[in-house]
Amino acid sequence: MALIASIPILLVIVLMIAFNKPAKVALPIGWAVAMLNALFYWRQDAKTAFAWALDGFLEAIGTLVIILGAILIMNTLKHSGAVTAIQRVFNNVNPDRRIQAIIVGYVFGAFIEGAAGFGTPAALAAPLLISLGFPPLCAAIVALIYNSVPVVFGAVGTPTNTAAAVVSQSVTDLGGDAEAYKMALTKYSAISQAACGLFIVFFGVYIMCRLFGKNRSGKEALAALPFAMFTAVVFDAFFLLMAFFFGPEFPSLVGAILTLFVVILAARKGFLCPKEVWDFEPRENWDHAWLSKQEVKKDVDNGMSYVLAWTPYVLIVLILVATRLNWFGLKTLLTSSAFKVSIKNILGNEKVNWTWNWGWCPGIFPFILVCVLTFFLHKMPMQKVKESFSDTFNQCLGAAIALFFGVSMVYIYRNTGMNAQLSNESMLYAMAEALAHIFQSAYIIIAPIIGVIGSFMSGSNTVSNTLFSGLQFQTATLVHMSPVLIVALQNIGGAAGNMVCVNNVVAACATTGTMGNEGKIIKTNALPCLIYCLIAILVLGGMIVLGMDPLGLAAAAG
């Protein structure tokens with residue numbers, strides 16, 4: 001059963017990685033095979049199968065709006081002249097591209113992840129790197145690699161809160177306290193993520209130098225190692241402090257804000273920075289595959305002030321923080337029924353319902369809202385406004401097909417067991433259950449891989465935790481391992497999977513205009529993803545091997 005269930009996703013992986021097919025080709029094929037599996041192997045009722053597929057198509061709308069909003073921000077700032085001014089700001093911080101990648105890709109990206117999550121770091125950090133002079137493909141790869149450490153506490157702690165909520169009843173059944181479990185999960189997830197951060201900050205620079213440097217040499221990254229380690233240690237200190245004392249809502253959000261101030265000051269002073277400035281070759285020498293597939297227009301330079309140029313980003317940050325932390329009751333308002341649209345009983349199935357909380361979608365608040373304000377703040381002529389919208393829609397068309405079919409395939413995988421004659425277990429659950437059964441004696445190895453699989457397919461650590469936290473908790477009790485540490489491994493695997501997950505890669509390619517390179521990016525980012533999981537296994541798995549059982553839940557399960 002698990003082997004049959006794996007065929008669609010394996011087919012997508014082979015098409016994208018072995019044959020370098022774009023996601024817009026591979027995902028519709030995978031979707032069709034998944035649907036055939038549901039109908040003819042699982043023998044699921046056709047109306048139910050198509051209802052879930054349609055629900056997935058509808059669910060993709062939110063992701064597309066985020067992409068559209070992020071690209072519109074980029075194009076608006078490009079046409080208003082802000083991009084050139086922002087580029088000067090970061091060049092003035094430090095002209096070395098390795099230092100810029102760390103500050104913008106890792107630290108700024110971590111702040112956006114902490115505030116909004118769900119793919120927004122790549123949507124904001126990657127275009128900013130492009131505006132600084134990074135090759136678009138390089139910007140996409142670096143932004144995705146760096147969108148890992150802060151993910152477990154992204155969107156004000158949503159993935160970790162979700163994992164804790166999914167298993168709360170199981171914790172209570174074992175005589176534990178659900179709130180204490182959430183804090184323990186936060187603590188041990190943060191410890192492992194901090195260890196991974198010591199590796200990933202430098203590795204992002206290494207990949208950049210190895211693939212996009214003039215000499216294609218990873219050795220050129222070594223000069224940036226001291227600054228990379230300094231950044232990782234500073235971030236880890238704030239990150240752990242927030243996790244240990246304040247819970248999952250603040251480690252990424254507040255940790256990144258505080259780190260940003262420290263590292264910008266250090267970079268300005270040249271503290272631990274390389275003596276020789278490293279840069280890319282002139283643009284005319286770049287490999288054609290690095291470039292955006294869309295027409296590249298020259299950035300407008302109208303002498304805009306730094307303050308005015310940065311105002312849209314400041315507004316984005318303020319709105320994200322205000323809404324996510326519920327200042328003035330904004331979160332309560334934007335998540336109310338007034339800001340939701342719903343379709344009930346899709347194709348007559350009362351269990352299949354779609355709701356989009358458009359008021360809580362970052363694509364609208366703050367991205368599109370800030371774009372509209374920017375039109376006036378930057379006094380953009382109507383022609384430039386039209387060009388911003390035109391460029392944006394043209395760029396989004398390429399991602400739409402891939403996202404619609406990708407999200408729909410995930411919904412088929414998640415809900416195959418409903419009204420099915422073969423089994424009431426879904427294809428996704430069957431795959432994970434088989435992996436857990438096979439690797440029982442070495443479950444610490446497979447636990448983060450299951451998290452990666454969930455994120456790879458769904459594009460979300462939150463969804464991965466929703467799908468598999470219960471399975472991980474139950475399996476941990478069966479193999480006499482700590483449910484806290486095993487679910488932490490699930491949480492971290494889901495974060496690592498953000499580097500290679502289909503939806504995030506498609507979104508990053510759409511935002512940077514590098515559609516068609518999805519397979520190449522997944523292949524490149526697979527190595528840091530695997531090393532990331534290995535570090536987590538060594539840290540948390542080592543604790544398990546030493547017999548650690550936070551909260552005593554494994555002992556309580558017998």
# chains A, B, ... in the order shown; residues from 1 in each chain; ligands from 1

call {"tool": "residues_around", "arguments": {"residues": "region 52-61 of chain A", "least_positions_apart": "5", "cutoff": "6 Å", "atoms": "only C-alpha atoms", "output": "MDAnalysis selection string"}}
result
chainID A and resid 404 407:408 411:412

call {"tool": "write_last_selection", "arguments": {"atoms": "all heavy atoms", "output": "mmCIF file, in the first residue's frame"}}
result
data_model
loop_
_atom_site.group_PDB
_atom_site.id
_atom_site.type_symbol
_atom_site.label_atom_id
_atom_site.label_comp_id
_atom_site.auth_asym_id
_atom_site.auth_seq_id
_atom_site.Cartn_x
_atom_site.Cartn_y
_atom_site.Cartn_z
ATOM 1 N N PHE A 404 -1.498 25.321 -8.337
ATOM 2 C CA PHE A 404 -2.830 24.731 -8.298
ATOM 3 C C PHE A 404 -2.752 23.211 -8.216
ATOM 4 O O PHE A 404 -3.390 22.578 -7.374
ATOM 5 C CB PHE A 404 -3.634 25.151 -9.528
ATOM 6 C CG PHE A 404 -4.309 26.493 -9.374
ATOM 7 C CD1 PHE A 404 -4.136 27.484 -10.321
ATOM 8 C CD2 PHE A 404 -5.120 26.754 -8.283
ATOM 9 C CE1 PHE A 404 -4.749 28.719 -10.180
ATOM 10 C CE2 PHE A 404 -5.747 27.986 -8.133
ATOM 11 C CZ PHE A 404 -5.559 28.967 -9.084
ATOM 12 N N VAL A 407 -0.837 21.909 -4.723
ATOM 13 C CA VAL A 407 -1.660 21.932 -3.514
ATOM 14 C C VAL A 407 -2.795 20.916 -3.621
ATOM 15 O O VAL A 407 -3.126 20.215 -2.657
ATOM 16 C CB VAL A 407 -2.220 23.342 -3.258
ATOM 17 C CG1 VAL A 407 -3.140 23.345 -2.036
ATOM 18 C CG2 VAL A 407 -1.079 24.330 -3.050
ATOM 19 N N SER A 408 -3.386 20.804 -4.811
ATOM 20 C CA SER A 408 -4.471 19.842 -4.992
ATOM 21 C C SER A 408 -3.973 18.414 -4.771
ATOM 22 O O SER A 408 -4.664 17.586 -4.164
ATOM 23 C CB SER A 408 -5.063 19.975 -6.398
ATOM 24 O OG SER A 408 -6.131 19.079 -6.577
ATOM 25 N N TYR A 411 -3.843 17.603 -1.134
ATOM 26 C CA TYR A 411 -5.167 17.334 -0.563
ATOM 27 C C TYR A 411 -5.644 15.925 -0.911
ATOM 28 O O TYR A 411 -6.291 15.270 -0.107
ATOM 29 C CB TYR A 411 -6.166 18.388 -1.043
ATOM 30 C CG TYR A 411 -6.206 19.588 -0.129
ATOM 31 C CD1 TYR A 411 -5.072 20.365 0.065
ATOM 32 C CD2 TYR A 411 -7.365 19.925 0.563
ATOM 33 C CE1 TYR A 411 -5.087 21.457 0.905
ATOM 34 C CE2 TYR A 411 -7.386 21.017 1.420
ATOM 35 C CZ TYR A 411 -6.242 21.776 1.588
ATOM 36 O OH TYR A 411 -6.256 22.844 2.451
ATOM 37 N N ILE A 412 -5.310 15.471 -2.115
ATOM 38 C CA ILE A 412 -5.642 14.085 -2.476
ATOM 39 C C ILE A 412 -4.900 13.123 -1.555
ATOM 40 O O ILE A 412 -5.484 12.176 -1.014
ATOM 41 C CB ILE A 412 -5.288 13.807 -3.952
ATOM 42 C CG1 ILE A 412 -6.160 14.658 -4.881
ATOM 43 C CG2 ILE A 412 -5.460 12.329 -4.282
ATOM 44 C CD1 ILE A 412 -5.701 14.649 -6.332
#

call {"tool": "residues_around", "arguments": {"residues": "region 100-110 of chain A", "least_positions_apart": "6", "cutoff": "9 Å", "atoms": "only C-alpha atoms", "output": "number ranges by chain"}}
result
A: 90-91, 93-94, 120-122, 124-126, 128-129, 132, 134, 139, 142-151, 154, 201-202, 204-205, 208, 227-228, 231, 235, 252-253, 255-257, 259-260, 263-264, 267

call {"tool": "residues_around", "arguments": {"residues": "Gly516 (chain A)", "least_positions_apart": "6", "cutoff": "10 Å", "atoms": "only C-alpha atoms", "output": "list in words"}}
result
Met16, Asn20, Lys21, Pro22, Ala23, Lys24, Val25, Ala289, Lys293, Gly398, Ala399, Val506, Cys509 and Ala510 of chain A

call {"tool": "write_last_selection", "arguments": {"atoms": "C-alpha atoms", "output": "PDB file, in the first residue's frame"}}
result
ATOM      1  CA  MET A  16      12.010  17.489 -11.533  1.00  0.00           C
ATOM      2  CA  ASN A  20      14.927  18.808 -14.866  1.00  0.00           C
ATOM      3  CA  LYS A  21      11.280  19.270 -15.815  1.00  0.00           C
ATOM      4  CA  PRO A  22       9.665  22.450 -14.497  1.00  0.00           C
ATOM      5  CA  ALA A  23       7.112  22.106 -11.709  1.00  0.00           C
ATOM      6  CA  LYS A  24       4.331  23.263 -14.006  1.00  0.00           C
ATOM      7  CA  VAL A  25       4.917  20.069 -16.050  1.00  0.00           C
ATOM      8  CA  ALA A 289      20.419  29.972 -16.427  1.00  0.00           C
ATOM      9  CA  LYS A 293      13.158  34.499 -17.618  1.00  0.00           C
ATOM     10  CA  GLY A 398       4.059  30.749 -14.781  1.00  0.00           C
ATOM     11  CA  ALA A 399       3.590  29.720 -11.128  1.00  0.00           C
ATOM     12  CA  VAL A 506       7.875  27.256  -7.002  1.00  0.00           C
ATOM     13  CA  CYS A 509      11.198  30.779  -8.683  1.00  0.00           C
ATOM     14  CA  ALA A 510       8.087  32.816  -9.447  1.00  0.00           C
TER      15      ALA A 510
END

call {"tool": "atom_distance", "arguments": {"atom1": "CA of Ser217 (chain A)", "atom2": "CA of Arg98 (chain A)"}}
result
13.3 Å

call {"tool": "closest_residue", "arguments": {"among": "A:Leu377, A:Ser170, A:Ile522, A:Asn419", "to": "Ala476 (chain A)", "atoms": "only C-alpha atoms"}}
result
A:Ser170

call {"tool": "residues_around", "arguments": {"residues": "Val307 (chain A)", "least_positions_apart": "2", "cutoff": "12 Å", "atoms": "only C-alpha atoms", "output": "number ranges by chain"}}
result
A: 82, 85-86, 88-89, 303-305, 309-315, 377-378

call {"tool": "write_last_selection", "arguments": {"atoms": "C-alpha atoms", "output": "PDB file, in the first residue's frame"}}
result
ATOM      1  CA  ALA A  82      13.204  52.731  -4.228  1.00  0.00           C
ATOM      2  CA  ALA A  85      18.145  53.568  -2.963  1.00  0.00           C
ATOM      3  CA  ILE A  86      17.756  50.371  -0.890  1.00  0.00           C
ATOM      4  CA  ARG A  88      22.815  51.766  -1.786  1.00  0.00           C
ATOM      5  CA  VAL A  89      21.871  51.266   1.873  1.00  0.00           C
ATOM      6  CA  GLY A 303      17.654  60.021  -6.228  1.00  0.00           C
ATOM      7  CA  MET A 304      15.015  58.894  -3.743  1.00  0.00           C
ATOM      8  CA  SER A 305      15.997  59.306  -0.093  1.00  0.00           C
ATOM      9  CA  ALA A 309      12.761  54.101  -0.042  1.00  0.00           C
ATOM     10  CA  TRP A 310      12.650  52.016   3.140  1.00  0.00           C
ATOM     11  CA  THR A 311       9.214  53.251   4.210  1.00  0.00           C
ATOM     12  CA  PRO A 312       7.285  50.430   2.428  1.00  0.00           C
ATOM     13  CA  TYR A 313       9.392  47.767   4.155  1.00  0.00           C
ATOM     14  CA  VAL A 314       8.984  49.547   7.491  1.00  0.00           C
ATOM     15  CA  LEU A 315       5.215  49.564   6.937  1.00  0.00           C
ATOM     16  CA  LEU A 377       4.058  57.923  -1.003  1.00  0.00           C
ATOM     17  CA  HIS A 378       6.495  57.648  -3.907  1.00  0.00           C
TER      18      HIS A 378
END

call {"tool": "residues_around", "arguments": {"residues": "Phe250 (chain A)", "least_positions_apart": "6", "cutoff": "12 Å", "atoms": "only C-alpha atoms", "output": "VMD selection string"}}
result
chain A and resid 110 to 111 113 to 115 150 to 158 160 to 161 186 190 238 to 244 256 to 258 321 324 to 325

call {"tool": "closest_residue", "arguments": {"among": "A:Trp31, A:Phe389, A:Phe19, A:Trp354", "to": "Ala402 (chain A)", "atoms": "only C-alpha atoms"}}
result
A:Trp31

call {"tool": "select_by_dssp", "arguments": {"residues": "region 269-473 of chain A", "states": "strand (DSSP E)", "output": "JSON, numbers by chain"}}
result
{"A": [341, 342, 343, 354, 355, 356]}

call {"tool": "write_last_selection", "arguments": {"atoms": "N, CA, C and O atoms", "output": "mmCIF file, in the first residue's frame"}}
result
data_model
loop_
_atom_site.group_PDB
_atom_site.id
_atom_site.type_symbol
_atom_site.label_atom_id
_atom_site.label_comp_id
_atom_site.auth_asym_id
_atom_site.auth_seq_id
_atom_site.Cartn_x
_atom_site.Cartn_y
_atom_site.Cartn_z
ATOM 1 N N VAL A 341 -14.049 34.165 3.306
ATOM 2 C CA VAL A 341 -14.991 33.687 2.287
ATOM 3 C C VAL A 341 -14.996 32.168 2.361
ATOM 4 O O VAL A 341 -13.967 31.543 2.629
ATOM 5 N N SER A 342 -16.151 31.557 2.167
ATOM 6 C CA SER A 342 -16.279 30.114 2.344
ATOM 7 C C SER A 342 -17.119 29.486 1.248
ATOM 8 O O SER A 342 -18.004 30.136 0.682
ATOM 9 N N ILE A 343 -16.806 28.242 0.969
ATOM 10 C CA ILE A 343 -17.661 27.398 0.120
ATOM 11 C C ILE A 343 -17.915 26.122 0.913
ATOM 12 O O ILE A 343 -16.982 25.385 1.233
ATOM 13 N N TRP A 354 -14.273 24.777 2.151
ATOM 14 C CA TRP A 354 -13.123 25.667 1.936
ATOM 15 C C TRP A 354 -13.408 27.028 2.547
ATOM 16 O O TRP A 354 -14.494 27.593 2.361
ATOM 17 N N THR A 355 -12.457 27.501 3.305
ATOM 18 C CA THR A 355 -12.547 28.846 3.879
ATOM 19 C C THR A 355 -11.234 29.555 3.660
ATOM 20 O O THR A 355 -10.165 28.996 3.937
ATOM 21 N N TRP A 356 -11.315 30.756 3.158
ATOM 22 C CA TRP A 356 -10.110 31.577 2.983
ATOM 23 C C TRP A 356 -10.244 32.815 3.844
ATOM 24 O O TRP A 356 -11.139 33.619 3.648
#

call {"tool": "residues_around", "arguments": {"residues": "Met1 (chain A)", "least_positions_apart": "4", "cutoff": "10 Å", "atoms": "only C-alpha atoms", "output": "list in words"}}
result
Ala5, Ser6, Tyr41, Trp42, Leu422, Ser423, Met427, Ala430, Met431 and Ala434 of chain A

call {"tool": "residues_around", "arguments": {"residues": "region 379-388 of chain A", "least_positions_apart": "2", "cutoff": "10 Å", "atoms": "only C-alpha atoms", "output": "PDB file with C-alpha atoms, in the first residue's frame"}}
result
ATOM      1  CA  ILE A  71       6.114  40.380  -6.615  1.00  0.00           C
ATOM      2  CA  LEU A  72       3.984  43.510  -6.758  1.00  0.00           C
ATOM      3  CA  ILE A  73       6.014  44.955  -3.874  1.00  0.00           C
ATOM      4  CA  MET A  74       9.232  44.212  -5.752  1.00  0.00           C
ATOM      5  CA  ASN A  75       8.003  45.683  -9.031  1.00  0.00           C
ATOM      6  CA  THR A  76       6.508  48.734  -7.338  1.00  0.00           C
ATOM      7  CA  LEU A  77       9.789  49.545  -5.599  1.00  0.00           C
ATOM      8  CA  LYS A  78      11.636  48.875  -8.834  1.00  0.00           C
ATOM      9  CA  HIS A  79       9.487  51.276 -10.846  1.00  0.00           C
ATOM     10  CA  SER A  80       9.350  53.927  -8.122  1.00  0.00           C
ATOM     11  CA  GLY A  81      13.138  54.180  -7.755  1.00  0.00           C
ATOM     12  CA  CYS A 371       1.767  48.726  -2.569  1.00  0.00           C
ATOM     13  CA  VAL A 372      -1.271  50.977  -2.861  1.00  0.00           C
ATOM     14  CA  LEU A 373       0.116  53.298  -0.194  1.00  0.00           C
ATOM     15  CA  THR A 374       3.490  53.310  -1.957  1.00  0.00           C
ATOM     16  CA  PHE A 375       1.915  54.526  -5.188  1.00  0.00           C
ATOM     17  CA  PHE A 376       1.046  57.709  -3.328  1.00  0.00           C
ATOM     18  CA  LEU A 377       4.058  57.923  -1.003  1.00  0.00           C
ATOM     19  CA  SER A 390       1.548  44.267 -15.813  1.00  0.00           C
ATOM     20  CA  ASP A 391       4.972  42.891 -14.884  1.00  0.00           C
ATOM     21  CA  THR A 392       3.507  41.226 -11.797  1.00  0.00           C
ATOM     22  CA  PHE A 393       0.701  39.382 -13.568  1.00  0.00           C
TER      23      PHE A 393
END

call {"tool": "select_by_dssp", "arguments": {"residues": "region 250-397 of chain A", "states": "alpha helix (DSSP H)", "output": "VMD selection string"}}
result
chain A and resid 251 to 269 306 to 324 330 to 334 369 to 377 382 to 397

call {"tool": "atom_distance", "arguments": {"atom1": "CA of Ala34 (chain A)", "atom2": "CA of Tyr413 (chain A)"}}
result
7.3 Å

call {"tool": "closest_residue", "arguments": {"among": "A:Val233, A:Ile99, A:Val505, A:Ile438", "to": "Arg268 (chain A)", "atoms": "only C-alpha atoms"}}
result
A:Ile99

call {"tool": "atom_distance", "arguments": {"atom1": "CA of Lys275 (chain A)", "atom2": "CA of Ala224 (chain A)"}}
result
9.4 Å

call {"tool": "decode", "arguments": {"residues": "region 501-532 of chain A", "atoms": "C-alpha atoms", "output": "PDB file, in the first residue's frame"}}
result
ATOM      1  CA  CYS A 501       9.519  21.721  -0.616  1.00  0.00           C
ATOM      2  CA  VAL A 502       7.789  22.048  -3.953  1.00  0.00           C
ATOM      3  CA  ASN A 503       5.526  24.964  -3.055  1.00  0.00           C
ATOM      4  CA  ASN A 504       8.314  27.116  -1.598  1.00  0.00           C
ATOM      5  CA  VAL A 505      10.625  26.388  -4.519  1.00  0.00           C
ATOM      6  CA  VAL A 506       7.875  27.256  -7.002  1.00  0.00           C
ATOM      7  CA  ALA A 507       7.111  30.447  -5.072  1.00  0.00           C
ATOM      8  CA  ALA A 508      10.802  31.434  -4.949  1.00  0.00           C
ATOM      9  CA  CYS A 509      11.198  30.779  -8.683  1.00  0.00           C
ATOM     10  CA  ALA A 510       8.087  32.816  -9.447  1.00  0.00           C
ATOM     11  CA  THR A 511       9.260  35.688  -7.260  1.00  0.00           C
ATOM     12  CA  THR A 512      12.733  35.757  -8.808  1.00  0.00           C
ATOM     13  CA  GLY A 513      11.573  35.006 -12.356  1.00  0.00           C
ATOM     14  CA  THR A 514      13.610  31.791 -12.596  1.00  0.00           C
ATOM     15  CA  MET A 515      10.799  29.351 -13.449  1.00  0.00           C
ATOM     16  CA  GLY A 516      12.080  26.111 -14.928  1.00  0.00           C
ATOM     17  CA  ASN A 517      14.912  25.819 -12.402  1.00  0.00           C
ATOM     18  CA  GLU A 518      12.831  24.105  -9.717  1.00  0.00           C
ATOM     19  CA  GLY A 519      14.571  20.754 -10.140  1.00  0.00           C
ATOM     20  CA  LYS A 520      18.009  22.340 -10.046  1.00  0.00           C
ATOM     21  CA  ILE A 521      17.177  24.194  -6.821  1.00  0.00           C
ATOM     22  CA  ILE A 522      15.801  21.076  -5.118  1.00  0.00           C
ATOM     23  CA  LYS A 523      18.905  19.132  -6.147  1.00  0.00           C
ATOM     24  CA  THR A 524      21.205  21.876  -4.812  1.00  0.00           C
ATOM     25  CA  ASN A 525      19.349  22.319  -1.519  1.00  0.00           C
ATOM     26  CA  ALA A 526      18.981  18.580  -0.842  1.00  0.00           C
ATOM     27  CA  LEU A 527      22.504  18.396   0.655  1.00  0.00           C
ATOM     28  CA  PRO A 528      22.060  21.153   3.283  1.00  0.00           C
ATOM     29  CA  CYS A 529      18.630  19.699   4.062  1.00  0.00           C
ATOM     30  CA  LEU A 530      20.119  16.260   4.764  1.00  0.00           C
ATOM     31  CA  ILE A 531      23.030  17.676   6.800  1.00  0.00           C
ATOM     32  CA  TYR A 532      20.506  19.744   8.737  1.00  0.00           C
TER      33      TYR A 532
END
